[in-house]
file target20.cif (mmCIF, C-alpha atoms)
data_entry
loop_
_atom_site.label_atom_id
_atom_site.label_comp_id
_atom_site.auth_asym_id
_atom_site.auth_seq_id
_atom_site.Cartn_x
_atom_site.Cartn_y
_atom_site.Cartn_z
CA MET A 6 -49.65 3.08 8.90
CA ARG A 7 -48.52 2.93 5.30
CA LYS A 8 -48.07 6.71 5.22
CA LEU A 9 -45.76 6.48 8.25
CA ALA A 10 -43.66 3.79 6.53
CA VAL A 11 -43.30 5.93 3.40
CA ILE A 12 -42.27 8.98 5.45
CA THR A 13 -39.78 6.92 7.48
CA ALA A 14 -38.29 5.36 4.34
CA PHE A 15 -38.04 8.81 2.79
CA LEU A 16 -36.24 10.18 5.88
CA ILE A 17 -33.71 7.33 5.75
CA ILE A 18 -33.22 6.74 2.02
CA VAL A 19 -32.91 10.35 0.84
CA PRO A 20 -30.11 11.30 3.29
CA ALA A 21 -28.32 8.00 2.54
CA ILE A 22 -28.43 8.70 -1.21
CA ALA A 23 -27.25 12.27 -0.59
CA ILE A 24 -24.24 11.03 1.42
CA VAL A 25 -23.36 8.45 -1.26
CA MET A 26 -23.56 11.12 -3.98
CA LEU A 27 -21.50 13.55 -1.90
CA VAL A 28 -18.76 10.98 -1.30
CA ALA A 29 -18.75 9.75 -4.90
CA THR A 30 -18.67 13.16 -6.57
CA GLN A 31 -17.12 15.71 -4.22
CA PRO A 32 -13.41 16.41 -4.71
CA ALA A 33 -11.35 16.72 -1.58
CA ARG A 34 -10.13 20.26 -1.02
CA ARG A 35 -6.43 20.73 -0.45
CA PRO A 36 -5.73 22.26 2.98
CA ASN A 37 -3.97 25.63 2.83
CA LEU A 38 -0.93 25.05 5.06
CA SER A 39 2.19 27.17 5.15
CA ILE A 40 5.40 25.36 6.19
CA ARG A 41 8.21 27.88 6.72
CA PHE A 42 11.79 27.16 7.73
CA ILE A 43 12.58 29.17 10.88
CA GLY A 44 16.16 28.14 11.58
CA TYR A 45 18.32 25.74 13.54
CA THR A 46 18.35 25.09 17.26
CA ASN A 47 19.82 22.54 19.66
CA GLY A 48 17.65 19.82 21.15
CA ALA A 49 17.68 18.77 24.81
CA ASN A 50 20.27 16.11 23.97
CA GLY A 51 22.51 18.63 22.21
CA LEU A 52 21.73 17.49 18.66
CA ARG A 53 21.13 20.07 15.94
CA LEU A 54 17.46 20.41 14.96
CA ALA A 55 15.75 22.34 12.17
CA THR A 56 12.62 24.25 13.13
CA PHE A 57 9.66 24.74 10.78
CA ARG A 58 6.50 26.74 11.52
CA VAL A 59 3.31 25.09 10.28
CA THR A 60 0.41 27.53 9.87
CA ASN A 61 -3.16 26.62 8.95
CA MET A 62 -4.17 29.42 6.57
CA ASP A 63 -7.77 28.12 6.36
CA ALA A 64 -10.66 28.97 8.66
CA SER A 65 -11.47 25.30 9.25
CA THR A 66 -9.55 22.75 11.31
CA VAL A 67 -7.14 20.42 9.50
CA GLU A 68 -5.69 17.09 10.63
CA VAL A 69 -1.91 17.07 10.13
CA GLY A 70 0.32 13.99 10.20
CA ALA A 71 3.95 13.52 11.21
CA PRO A 72 6.65 15.25 9.16
CA MET A 73 8.62 13.44 6.48
CA ILE A 74 12.10 14.60 5.55
CA CYS A 75 12.40 15.08 1.78
CA ILE A 76 15.71 15.24 -0.07
CA GLN A 77 16.19 16.59 -3.60
CA THR A 78 18.25 14.21 -5.74
CA ASP A 79 19.26 14.49 -9.38
CA SER A 80 16.27 12.48 -10.54
CA ALA A 81 13.57 12.75 -7.88
CA ILE A 82 12.47 13.81 -4.43
CA GLU A 83 13.02 11.09 -1.84
CA GLY A 84 11.19 11.07 1.47
CA HIS A 85 11.56 9.22 4.75
CA GLY A 86 10.15 9.52 8.24
CA ALA A 87 11.75 11.98 10.60
CA PRO A 88 13.23 10.15 13.62
CA GLY A 89 10.99 10.57 16.65
CA ALA A 90 8.38 12.56 14.72
CA ARG A 91 4.80 12.49 15.91
CA PRO A 92 1.65 13.66 14.13
CA ILE A 93 0.78 17.29 14.77
CA GLY A 94 -2.88 16.30 15.11
CA LEU A 95 -5.69 18.81 14.71
CA LEU A 96 -4.59 22.33 13.82
CA LYS A 97 -7.36 24.91 14.08
CA GLY A 98 -7.80 27.59 11.46
CA GLY A 99 -5.35 30.48 11.68
CA LEU A 100 -3.13 28.78 14.27
CA SER A 101 0.51 27.74 14.00
CA LYS A 102 2.69 25.06 15.51
CA ASP A 103 6.46 24.70 15.39
CA ILE A 104 8.01 21.34 14.63
CA CYS A 105 11.65 20.32 15.04
CA VAL A 106 13.32 17.63 12.96
CA PRO A 107 16.92 16.47 12.69
CA PRO A 108 18.32 17.79 9.41
CA PRO A 109 19.78 15.32 6.94
CA THR A 110 23.52 15.39 6.39
CA ASN A 111 25.40 15.84 3.12
CA THR A 112 22.44 17.06 1.07
CA ILE A 113 22.15 19.94 -1.34
CA ALA A 114 18.49 20.78 -0.68
CA TRP A 115 15.90 19.32 1.67
CA THR A 116 12.57 20.13 3.30
CA VAL A 117 9.76 18.56 5.29
CA ALA A 118 6.43 17.37 3.92
CA LEU A 119 3.26 16.91 5.93
CA ARG A 120 0.19 14.83 5.16
CA ALA A 121 -2.90 16.98 5.77
CA ASN A 122 -6.60 16.30 5.47
CA ARG A 123 -9.74 18.38 6.01
CA ASP A 124 -11.78 15.23 6.59
CA PHE A 125 -11.29 13.67 10.01
CA GLY A 126 -13.27 12.12 12.81
CA THR A 127 -16.85 11.03 12.13
CA TRP A 128 -17.06 12.55 8.63
CA GLU A 129 -13.86 10.76 7.57
CA ALA A 130 -15.25 7.46 8.90
CA ILE A 131 -18.52 7.95 6.98
CA LYS A 132 -16.66 8.82 3.77
CA SER A 133 -14.37 5.80 4.10
CA PHE A 134 -17.28 3.44 4.78
CA VAL A 135 -19.31 4.70 1.80
CA MET A 136 -16.30 4.80 -0.53
CA TYR A 137 -15.26 1.21 0.22
CA ARG A 138 -18.86 -0.04 -0.10
CA LEU A 139 -19.05 1.60 -3.52
CA ILE A 140 -15.79 -0.11 -4.50
CA ASP A 141 -17.14 -3.46 -3.24
CA LEU A 142 -20.15 -2.94 -5.50
CA LYS A 143 -17.77 -2.40 -8.48
CA PHE A 144 -18.39 1.34 -8.60
CA ARG A 145 -15.40 3.60 -8.90
CA PRO A 146 -15.83 6.73 -6.80
CA ARG A 147 -14.42 9.69 -8.64
CA TYR A 148 -12.53 10.93 -5.60
CA GLY A 149 -10.77 9.03 -2.85
CA ASN A 150 -10.39 9.70 0.81
CA MET A 151 -6.68 10.44 0.96
CA GLY A 152 -4.91 13.40 2.49
CA PHE A 153 -2.61 15.79 0.67
CA SER A 154 1.18 15.98 0.84
CA ILE A 155 2.23 19.56 1.48
CA PHE A 156 5.88 20.54 1.11
CA GLY A 157 7.66 23.17 3.15
CA GLU A 158 10.30 25.65 2.07
CA TRP A 159 13.45 24.06 0.70
CA VAL A 160 16.57 24.47 2.82
CA THR A 161 20.07 24.51 1.31
CA GLU A 162 23.41 23.56 2.87
CA ASP A 163 24.01 27.06 4.20
CA GLY A 164 20.59 27.11 5.92
CA ALA A 165 18.96 29.45 3.41
CA SER A 166 15.36 28.73 2.46
CA HIS A 167 13.57 29.26 -0.84
#
call {"tool": "encode", "arguments": {"input": "target20.cif", "output": "structure tokens"}}
result
Amino acid sequence: MRKLAVITAFLIIVPAIAIVMLVATQPARRPNLSIRFIGYTNGANGLRLATFRVTNMDASTVEVGAPMICIQTDSAIEGHGAPGARPIGLLKGGLSKDICVPPPTNTIAWTVALRANRDFGTWEAIKSFVMYRLIDLKFRPRYGNMGFSIFGEWVTEDGASH
């Protein structure tokens, strides 16, 4: 009976320690997304929209959030939510999706930025749970569980991208 308890404890404790170590020491890998400006089009309501093609250049699936419109100012890059924007969701490796956003007015240069994360679903929930338990225990995990901001091509007043 004691041998069974030791084996059971080993089968539970070793994987738990491995998950804690993985969460505490593994850096998140930046998703390889391409965000290219395609051009302008008209929406169903007649408003001018800018179209960007988002391509997942990785083999693995990535979770992609809603686009933010980013404007270049003299001192910084300012971002705000795109009106009516919805998260792209899961984008499988090698696939693309087009997004349309209303372009800002009176700006010199602007683009869209997307929040992307390789960790989603069950694995993301496990990482979050372990990370916050470590923080509760006054440990500081080396890496967090945040996504990455990925910027698209910059668009100028004349519609050129670079």
call {"tool": "residues_around", "arguments": {"input": "target20.cif", "residues": "Glu158 in chain A", "least_positions_apart": "2", "cutoff": "9 Å", "atoms": "all atoms listed in the file", "output": "list in words"}}
result
Ser39, Ile40, Arg41, Phe42, Phe57, Trp115, Thr116, Val117, Phe156, Val160, Ser166 and His167 of chain A
call {"tool": "closest_residue", "arguments": {"input": "target20.cif", "among": "A:Val59, A:Val67, A:Ile131, A:Leu54", "to": "Pro108 in chain A", "atoms": "all atoms listed in the file"}}
result
A:Leu54
call {"tool": "atom_distance", "arguments": {"input": "target20.cif", "atom1": "CA of Glu68 in chain A", "atom2": "CA of Val135 in chain A"}}
result
20.4 Å
call {"tool": "residues_near_point", "arguments": {"input": "target20.cif", "point": "(5.6, 11.6, 13.7)", "cutoff": "10 Å", "atoms": "all atoms listed in the file", "output": "PDB file with C-alpha atoms, in the coordinates of the input"}}
result
ATOM      1  CA  VAL A  69      -1.910  17.070  10.130  1.00  0.00           C
ATOM      2  CA  GLY A  70       0.320  13.990  10.200  1.00  0.00           C
ATOM      3  CA  ALA A  71       3.950  13.520  11.210  1.00  0.00           C
ATOM      4  CA  PRO A  72       6.650  15.250   9.160  1.00  0.00           C
ATOM      5  CA  MET A  73       8.620  13.440   6.480  1.00  0.00           C
ATOM      6  CA  GLY A  86      10.150   9.520   8.240  1.00  0.00           C
ATOM      7  CA  ALA A  87      11.750  11.980  10.600  1.00  0.00           C
ATOM      8  CA  PRO A  88      13.230  10.150  13.620  1.00  0.00           C
ATOM      9  CA  GLY A  89      10.990  10.570  16.650  1.00  0.00           C
ATOM     10  CA  ALA A  90       8.380  12.560  14.720  1.00  0.00           C
ATOM     11  CA  ARG A  91       4.800  12.490  15.910  1.00  0.00           C
ATOM     12  CA  PRO A  92       1.650  13.660  14.130  1.00  0.00           C
ATOM     13  CA  ILE A  93       0.780  17.290  14.770  1.00  0.00           C
ATOM     14  CA  GLY A  94      -2.880  16.300  15.110  1.00  0.00           C
ATOM     15  CA  VAL A 106      13.320  17.630  12.960  1.00  0.00           C
ATOM     16  CA  LEU A 119       3.260  16.910   5.930  1.00  0.00           C
TER      17      LEU A 119
END
call {"tool": "atom_distance", "arguments": {"input": "target20.cif", "atom1": "CA of Leu142 in chain A", "atom2": "CA of Arg120 in chain A"}}
result
29.0 Å
call {"tool": "resolve_selection", "arguments": {"input": "target20.cif", "expression": "the PyMOL selection byres ((chain A and resi 114) around 8)", "output": "count of residues only"}}
result
10
call {"tool": "axis_aligned_box", "arguments": {"input": "target20.cif", "around": "range 115-134 of chain A", "padding_each_side": "3 Å", "output": "JSON"}}
result
{"center_x": -1.3, "center_y": 11.8, "center_z": 7.2, "size_x": 40.4, "size_y": 22.7, "size_z": 17.1}
call {"tool": "atom_distance", "arguments": {"input": "target20.cif", "atom1": "CA of Leu38 in chain A", "atom2": "CA of Leu96 in chain A"}}
result
9.9 Å
call {"tool": "residues_near_point", "arguments": {"input": "target20.cif", "point": "(15.4, 24.6, 16.0)", "cutoff": "12 Å", "atoms": "only C-alpha atoms", "output": "list in words"}}
result
Phe42, Ile43, Gly44, Tyr45, Thr46, Asn47, Gly48, Ala49, Gly51, Leu52, Arg53, Leu54, Ala55, Thr56, Phe57, Arg58, Asp103, Ile104, Cys105, Val106, Pro107, Pro108 and Gly164 of chain A
